[in-house]
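Structure data (mmCIF, C-alpha atoms) from coords-v5.cif:
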```
data_input
#
loop_
_atom_site.label_atom_id
_atom_site.label_comp_id
_atom_site.auth_asym_id
_atom_site.auth_seq_id
_atom_site.Cartn_x
_atom_site.Cartn_y
_atom_site.Cartn_z
CA MET E 1 0.00 0.00 0.00
CA ASN E 2 1.22 3.50 -0.84
CA ASN E 3 2.61 5.18 2.29
CA GLN E 4 0.59 8.35 1.76
CA ILE E 5 -2.65 6.40 1.35
CA GLU E 6 -1.82 4.39 4.48
CA LYS E 7 -1.25 7.60 6.48
CA GLU E 8 -4.56 9.02 5.24
CA ILE E 9 -6.35 5.85 6.37
CA PHE E 10 -4.77 6.19 9.83
CA GLU E 11 -5.98 9.80 10.01
CA LEU E 12 -9.52 8.82 8.96
CA LEU E 13 -9.61 6.06 11.56
CA GLY E 14 -8.55 8.51 14.25
CA ASP E 15 -8.86 6.74 17.61
CA GLU E 16 -11.16 4.01 16.23
CA HIS E 17 -8.50 1.34 16.61
CA GLN E 18 -9.39 -2.31 17.08
CA MET E 19 -7.72 -5.09 19.02
CA THR E 20 -6.94 -8.00 16.71
CA SER E 21 -6.05 -10.62 19.34
CA ALA E 22 -5.79 -11.27 23.07
CA GLU E 23 -2.09 -11.90 22.45
CA THR E 24 0.38 -9.04 22.18
CA PRO E 25 1.43 -8.82 18.50
CA LEU E 26 5.10 -9.84 18.42
CA ARG E 27 7.36 -10.86 15.55
CA PRO E 28 8.78 -14.43 15.62
CA ASP E 29 12.30 -12.98 16.00
CA ALA E 30 11.33 -10.56 18.79
CA PHE E 31 13.92 -11.88 21.25
CA GLU E 32 16.81 -12.87 19.03
CA LYS E 33 18.65 -9.67 19.93
CA SER E 34 19.96 -9.12 23.44
CA ASP E 35 18.59 -6.29 25.58
CA ASN E 36 21.89 -4.41 25.15
CA GLU E 37 21.65 -4.67 21.36
CA LYS E 38 18.09 -3.40 21.41
CA MET E 39 19.00 -0.50 23.70
CA ALA E 40 21.87 0.52 21.42
CA THR E 41 19.56 0.62 18.39
CA ILE E 42 16.82 2.52 20.22
CA GLU E 43 19.35 5.00 21.57
CA LYS E 44 20.63 5.72 18.05
CA HIS E 45 17.16 6.23 16.59
CA PHE E 46 15.87 8.29 19.51
CA HIS E 47 18.88 10.57 19.11
CA ILE E 48 17.79 11.10 15.50
CA ILE E 49 14.19 11.80 16.56
CA MET E 50 15.32 14.45 19.03
CA GLU E 51 17.59 16.06 16.41
CA GLU E 52 14.71 16.12 13.91
CA MET E 53 12.67 18.10 16.46
CA GLY E 54 15.42 20.71 16.46
CA LEU E 55 16.93 19.92 19.86
CA ASP E 56 20.60 20.65 20.48
CA MET E 57 21.99 17.22 21.32
CA THR E 58 25.29 18.69 22.50
CA ASP E 59 23.50 20.26 25.48
CA ASP E 60 24.46 18.59 28.77
CA SER E 61 20.83 18.16 29.78
CA LEU E 62 19.85 16.37 26.55
CA ARG E 63 22.98 14.41 25.68
CA GLY E 64 22.14 11.39 27.82
CA THR E 65 18.40 11.33 27.06
CA PRO E 66 18.51 8.80 24.19
CA HIS E 67 20.37 6.32 26.41
CA ARG E 68 17.97 6.89 29.31
CA VAL E 69 14.94 6.41 27.06
CA ALA E 70 16.37 3.22 25.55
CA LYS E 71 17.10 1.77 28.99
CA MET E 72 13.64 2.77 30.24
CA PHE E 73 11.91 1.16 27.25
CA ILE E 74 13.69 -2.20 27.51
CA GLN E 75 14.31 -2.61 31.23
CA GLU E 76 11.29 -0.83 32.70
CA ILE E 77 8.09 0.25 30.98
CA PHE E 78 8.14 -2.43 28.25
CA SER E 79 9.81 -5.20 30.24
CA GLY E 80 6.56 -7.19 30.14
CA LEU E 81 7.11 -7.94 26.46
CA ASN E 82 9.83 -10.44 27.30
CA PRO E 83 8.53 -13.81 28.59
CA ALA E 84 11.78 -14.14 30.57
CA ASN E 85 10.41 -11.42 32.87
CA LYS E 86 7.15 -13.24 33.59
CA PRO E 87 6.77 -13.60 37.37
CA LYS E 88 7.16 -17.06 38.85
CA ILE E 89 3.76 -17.86 40.30
CA SER E 90 3.34 -20.52 42.97
CA VAL E 91 -0.05 -21.72 44.13
CA PHE E 92 -0.80 -23.33 47.47
CA GLU E 93 -3.34 -25.76 48.81
CA ASN E 94 -6.40 -24.03 50.20
CA SER E 95 -5.68 -25.47 53.64
CA TYR E 96 -8.25 -23.24 55.35
CA HIS E 97 -10.95 -24.60 52.99
CA TYR E 98 -12.10 -21.04 52.36
CA ASP E 99 -14.77 -21.46 49.69
CA LYS E 100 -16.04 -17.90 49.29
CA MET E 101 -14.87 -15.00 47.15
CA LEU E 102 -11.40 -13.54 47.64
CA VAL E 103 -10.96 -9.97 46.41
CA GLU E 104 -7.83 -7.90 45.83
CA ALA E 105 -8.90 -4.34 45.02
CA ASN E 106 -7.14 -1.16 43.87
CA ILE E 107 -4.06 -2.76 42.32
CA SER E 108 -2.25 0.21 40.75
CA PHE E 109 -0.74 -0.13 37.30
CA ASN E 110 1.07 1.96 34.71
CA SER E 111 0.87 0.89 31.09
CA THR E 112 1.38 2.48 27.67
CA CYS E 113 -1.12 3.01 24.86
CA GLU E 114 0.17 1.16 21.81
CA HIS E 115 -1.40 3.71 19.46
CA HIS E 116 0.29 6.87 20.74
CA PHE E 117 2.84 5.55 23.28
CA LEU E 118 1.28 7.66 26.01
CA PRO E 119 0.60 6.42 29.57
CA ILE E 120 -2.43 4.45 30.71
CA ILE E 121 -2.79 4.80 34.48
CA GLY E 122 -5.34 3.03 36.61
CA LYS E 123 -6.52 0.35 39.01
CA VAL E 124 -7.29 -3.35 38.65
CA HIS E 125 -9.73 -5.22 40.89
CA ILE E 126 -9.56 -9.02 41.00
CA GLY E 127 -11.84 -11.61 42.56
CA TYR E 128 -11.81 -15.40 42.49
CA VAL E 129 -13.22 -18.43 44.24
CA SER E 130 -10.68 -21.13 45.05
CA ASN E 131 -10.92 -24.47 43.27
CA GLY E 132 -8.58 -26.00 45.85
CA LYS E 133 -5.67 -23.66 45.12
CA VAL E 134 -4.83 -20.15 46.30
CA ILE E 135 -2.23 -17.63 45.18
CA GLY E 136 -0.13 -15.22 47.25
CA LEU E 137 -1.74 -11.79 47.26
CA SER E 138 1.41 -10.02 46.03
CA LYS E 139 1.45 -12.36 43.02
CA LEU E 140 -1.80 -10.84 41.83
CA ASN E 141 -0.05 -7.46 41.72
CA ARG E 142 2.89 -9.01 39.86
CA ILE E 143 0.62 -10.55 37.21
CA VAL E 144 -1.05 -7.17 36.64
CA ASP E 145 2.32 -5.40 36.44
CA TYR E 146 3.73 -7.94 33.96
CA PHE E 147 0.91 -7.57 31.46
CA ALA E 148 0.75 -3.78 31.94
CA ARG E 149 4.43 -3.28 31.09
CA ARG E 150 4.08 -3.43 27.33
CA PRO E 151 2.38 -1.39 24.62
CA GLN E 152 -1.27 -2.15 25.34
CA VAL E 153 -4.93 -1.62 24.70
CA GLN E 154 -7.10 -1.96 27.79
CA GLU E 155 -9.30 -4.66 26.28
CA ARG E 156 -6.30 -6.87 25.60
CA MET E 157 -4.72 -6.27 28.99
CA ILE E 158 -7.82 -7.36 30.89
CA MET E 159 -8.09 -10.52 28.79
CA GLN E 160 -4.44 -11.37 29.40
CA ILE E 161 -4.80 -10.93 33.18
CA PHE E 162 -8.08 -12.89 33.21
CA ASN E 163 -6.71 -15.79 31.14
CA GLU E 164 -3.53 -15.99 33.22
CA LEU E 165 -5.50 -16.15 36.47
CA LYS E 166 -7.79 -18.87 35.12
CA THR E 167 -4.76 -20.92 34.08
CA VAL E 168 -2.78 -20.43 37.29
CA LEU E 169 -5.74 -21.07 39.60
CA ASN E 170 -7.31 -23.79 37.41
CA THR E 171 -10.77 -22.27 37.74
CA GLU E 172 -13.32 -20.35 35.69
CA ASP E 173 -14.47 -18.51 38.82
CA VAL E 174 -12.50 -15.33 38.14
CA ILE E 175 -13.55 -11.71 37.69
CA VAL E 176 -11.37 -8.76 36.68
CA VAL E 177 -12.24 -5.05 36.45
CA VAL E 178 -9.89 -2.43 35.02
CA GLU E 179 -10.46 1.32 35.45
CA ALA E 180 -7.99 3.61 33.72
CA GLU E 181 -7.19 7.10 32.53
CA HIS E 182 -5.72 7.23 29.04
CA LEU E 183 -3.40 10.16 28.43
CA CYS E 184 -4.00 9.81 24.69
CA VAL E 185 -7.49 11.10 25.57
CA SER E 186 -6.63 13.56 28.34
CA SER E 187 -3.44 15.15 26.97
CA ARG E 188 -4.09 15.16 23.21
CA GLY E 189 -7.02 14.94 20.78
CA ILE E 190 -10.19 15.76 22.70
CA LYS E 191 -8.15 16.65 25.83
CA ASP E 192 -10.80 15.34 28.23
CA SER E 193 -9.13 15.05 31.63
CA SER E 194 -12.22 13.91 33.57
CA SER E 195 -13.16 10.70 31.77
CA TYR E 196 -11.88 7.20 32.44
CA THR E 197 -12.39 3.82 30.80
CA SER E 198 -13.77 0.72 32.54
CA THR E 199 -13.61 -2.88 31.34
CA ILE E 200 -14.81 -6.11 32.94
CA GLN E 201 -14.21 -9.80 32.25
CA TYR E 202 -15.60 -12.73 34.21
CA GLY E 203 -16.49 -16.40 34.08
CA GLY E 204 -17.82 -19.29 36.14
CA ILE E 205 -19.77 -18.27 39.22
CA PHE E 206 -19.44 -14.59 38.26
CA THR E 207 -21.80 -15.08 35.33
CA GLU E 208 -24.44 -14.97 38.07
CA LYS E 209 -25.57 -11.43 38.78
CA GLU E 210 -25.66 -11.98 42.56
CA SER E 211 -21.96 -12.99 42.64
CA ARG E 212 -20.99 -10.00 40.51
CA ASN E 213 -22.93 -7.67 42.80
CA ASP E 214 -21.15 -9.13 45.84
CA PHE E 215 -17.83 -8.39 44.10
CA PHE E 216 -18.85 -4.84 43.18
CA ASN E 217 -19.97 -4.15 46.75
CA LEU E 218 -16.62 -5.32 48.09
CA ILE E 219 -14.47 -3.25 45.73
CA LYS E 220 -16.71 -0.22 46.35
CA LYS E 221 -15.80 -0.39 50.04
CA GLU E 222 -12.09 -0.33 49.18
CA LYS E 223 -12.22 2.79 47.01
#
```

As structure tokens, how would this structure be written, given the file I've shared?
Amino acid sequence: MNNQIEKEIFELLGDEHQMTSAETPLRPDAFEKSDNEKMATIEKHFHIIMEEMGLDMTDDSLRGTPHRVAKMFIQEIFSGLNPANKPKISVFENSYHYDKMLVEANISFNSTCEHHFLPIIGKVHIGYVSNGKVIGLSKLNRIVDYFARRPQVQERMIMQIFNELKTVLNTEDVIVVVEAEHLCVSSRGIKDSSSYTSTIQYGGIFTEKESRNDFFNLIKKEK
């Protein structure tokens, strides 16, 4: 497709982007290069970007920025792209035989919009009913953090968290709510700083309205 035509299509679409899969779109060779090799390439190209904007790259304040950005991209805000960084999750026998809902509310996360590379900031609320196994509470936070630290769309992120919890806990009785502010909405385009986006995904017992209401009542108390 002609590059100009492609750009015009992107402009016409505006923010009407669609998620194509619950999996993050990665090339087959995504991890053939080492982190250091990737950082060196990003540093070089970000230096060019800054120069193209007219910045004086000999200035002491700016000189190290390309390196800092490259390191931040690979080792911090996009570290969730690499499966090697996936948290090791251990589950334990439900020795207390607790058979009611367990809720972890207000899990903070920072992610990045894959369409504009601007921050997505918000909270995740998780509930599940044990099928004989339980997970350490801090591991719920780690799962959220892992899937947040990559270029994302909110719909994909919630599906990734939901599917991971179902697999780890071996149960369908899972519910996840994500509430987030998207800076691609608040700091550009419409510049609406008061709105936020909510998504929900659930299965098993949470398909019953009464169970969902119990969950909502619990997370409401925590806010």

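The spacing separating atom CA of E:Glu208 from atom CA of E:Val174 amounts to 11.9 Å.
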
### Task
Specify as a PyMOL selection string each residue included when the PyMOL selection byres ((chain E and resi 105) around 10) is applied to this file.
chain E and resi 102-104+106-108+123-127+141+176-177+215+218-223

Go ahead and save the residues from that selection, with C-alpha atoms, as a PDB file, keeping the file's coordinate frame.
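Saved file selection15.pdb follows:
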```pdb
ATOM      1  CA  LEU E 102     -11.400 -13.540  47.640  1.00  0.00           C
ATOM      2  CA  VAL E 103     -10.960  -9.970  46.410  1.00  0.00           C
ATOM      3  CA  GLU E 104      -7.830  -7.900  45.830  1.00  0.00           C
ATOM      4  CA  ASN E 106      -7.140  -1.160  43.870  1.00  0.00           C
ATOM      5  CA  ILE E 107      -4.060  -2.760  42.320  1.00  0.00           C
ATOM      6  CA  SER E 108      -2.250   0.210  40.750  1.00  0.00           C
ATOM      7  CA  LYS E 123      -6.520   0.350  39.010  1.00  0.00           C
ATOM      8  CA  VAL E 124      -7.290  -3.350  38.650  1.00  0.00           C
ATOM      9  CA  HIS E 125      -9.730  -5.220  40.890  1.00  0.00           C
ATOM     10  CA  ILE E 126      -9.560  -9.020  41.000  1.00  0.00           C
ATOM     11  CA  GLY E 127     -11.840 -11.610  42.560  1.00  0.00           C
ATOM     12  CA  ASN E 141      -0.050  -7.460  41.720  1.00  0.00           C
ATOM     13  CA  VAL E 176     -11.370  -8.760  36.680  1.00  0.00           C
ATOM     14  CA  VAL E 177     -12.240  -5.050  36.450  1.00  0.00           C
ATOM     15  CA  PHE E 215     -17.830  -8.390  44.100  1.00  0.00           C
ATOM     16  CA  LEU E 218     -16.620  -5.320  48.090  1.00  0.00           C
ATOM     17  CA  ILE E 219     -14.470  -3.250  45.730  1.00  0.00           C
ATOM     18  CA  LYS E 220     -16.710  -0.220  46.350  1.00  0.00           C
ATOM     19  CA  LYS E 221     -15.800  -0.390  50.040  1.00  0.00           C
ATOM     20  CA  GLU E 222     -12.090  -0.330  49.180  1.00  0.00           C
ATOM     21  CA  LYS E 223     -12.220   2.790  47.010  1.00  0.00           C
TER      22      LYS E 223
END
```

For stretch 116-135 of chain E, what centre and edge lengths in Å (one decimal) does the axis-aligned box get once 4 Å is added on each side of all its listed atoms, as JSON?
```
{"center_x": -5.2, "center_y": -9.2, "center_z": 33.5, "size_x": 24.1, "size_y": 41.7, "size_z": 33.6}
```

### Query
Can you list, as a PyMOL selection string, every protein, DNA or RNA residue that comes within 10 Å of E:Ile135 when you count all atoms listed in the file, leaving out same-chain residues fewer than 4 positions away?
chain E and resi 89-94+130+139-140+165+168-169

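Between E:Gln154 and the residues E:Ser34, E:Gln201, E:Ser186, E:Asn131, the shortest atom-to-atom distance, using only C-alpha atoms, involves E:Gln201.
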
### Query
Got a sec to resolve the PyMOL selection byres ((chain E and resi 111) around 10) on this structure and send the residues as a ChimeraX atom specification?
/E:77-78,80,109-110,112-114,117-122,144-154,157,180,182

Would you output that residue set with C-alpha atoms, as an mmCIF file, in the coordinates of the input?
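Result file is again21.cif:
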```
data_model
loop_
_atom_site.group_PDB
_atom_site.id
_atom_site.type_symbol
_atom_site.label_atom_id
_atom_site.label_comp_id
_atom_site.auth_asym_id
_atom_site.auth_seq_id
_atom_site.Cartn_x
_atom_site.Cartn_y
_atom_site.Cartn_z
ATOM 1 C CA ILE E 77 8.090 0.250 30.980
ATOM 2 C CA PHE E 78 8.140 -2.430 28.250
ATOM 3 C CA GLY E 80 6.560 -7.190 30.140
ATOM 4 C CA PHE E 109 -0.740 -0.130 37.300
ATOM 5 C CA ASN E 110 1.070 1.960 34.710
ATOM 6 C CA THR E 112 1.380 2.480 27.670
ATOM 7 C CA CYS E 113 -1.120 3.010 24.860
ATOM 8 C CA GLU E 114 0.170 1.160 21.810
ATOM 9 C CA PHE E 117 2.840 5.550 23.280
ATOM 10 C CA LEU E 118 1.280 7.660 26.010
ATOM 11 C CA PRO E 119 0.600 6.420 29.570
ATOM 12 C CA ILE E 120 -2.430 4.450 30.710
ATOM 13 C CA ILE E 121 -2.790 4.800 34.480
ATOM 14 C CA GLY E 122 -5.340 3.030 36.610
ATOM 15 C CA VAL E 144 -1.050 -7.170 36.640
ATOM 16 C CA ASP E 145 2.320 -5.400 36.440
ATOM 17 C CA TYR E 146 3.730 -7.940 33.960
ATOM 18 C CA PHE E 147 0.910 -7.570 31.460
ATOM 19 C CA ALA E 148 0.750 -3.780 31.940
ATOM 20 C CA ARG E 149 4.430 -3.280 31.090
ATOM 21 C CA ARG E 150 4.080 -3.430 27.330
ATOM 22 C CA PRO E 151 2.380 -1.390 24.620
ATOM 23 C CA GLN E 152 -1.270 -2.150 25.340
ATOM 24 C CA VAL E 153 -4.930 -1.620 24.700
ATOM 25 C CA GLN E 154 -7.100 -1.960 27.790
ATOM 26 C CA MET E 157 -4.720 -6.270 28.990
ATOM 27 C CA ALA E 180 -7.990 3.610 33.720
ATOM 28 C CA HIS E 182 -5.720 7.230 29.040
#
```

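Residues with at least one atom no more than 10 Å from (20.0, 4.6, 26.4), using all atoms listed in the file, are Asn36, Lys38, Met39, Ala40, Thr41, Ile42, Glu43, Lys44, Phe46, His47, Gly64, Thr65, Pro66, His67, Arg68, Val69, Ala70, Lys71, Met72, Phe73 and Ile74 of chain E.
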
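Counting all atoms listed in the file, the residue from E:Asp60, E:Met159, E:Lys33, E:Ser193 that sits nearest to E:Glu181 is E:Ser193.
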
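If you measure from each of E:Asp173, E:Glu51, E:Asp59, E:Glu210 to E:Asp99 using all atoms listed in the file, the closest one turns out to be E:Asp173.
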
#### Entry: Expected answer as a list in words: all residues with atoms within 7 Å of (-6.9, -12.0, 26.5), only C-alpha atoms
Ala22, Glu23, Arg156, Met157, Ile158, Met159, Gln160, Phe162 and Asn163 of chain E

### Message
Under the PyMOL selection byres ((chain E and resi 172) around 8), which residues of this model are included? Write them out as number ranges by chain.
### Response
E: 166, 170-171, 173-174, 203-205

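Of the listed residues E:Val134, E:Val178, E:Ile161, E:Val185, the one whose atoms come nearest to E:Tyr96 is E:Val134, with distances taken using all atoms listed in the file.
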
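Residue nearest E:Cys184 within the list E:Lys133, E:His115, E:Lys88, E:Arg142: E:His115 [criterion: smallest interatomic distance, all atoms listed in the file].
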
### Task
Using atom CA of E:Val129 and atom CA of E:Arg212 as the two end points, give the distance in Å to one decimal.
12.1 Å

#### Entry: Separation of atom CA of E:Ser187 from atom CA of E:Met53 in Å
19.5 Å

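Distances to E:Glu155 were evaluated for E:Asp35, E:Gln75, E:Lys86, E:Ser21 using only C-alpha atoms, and the minimum falls at E:Ser21.
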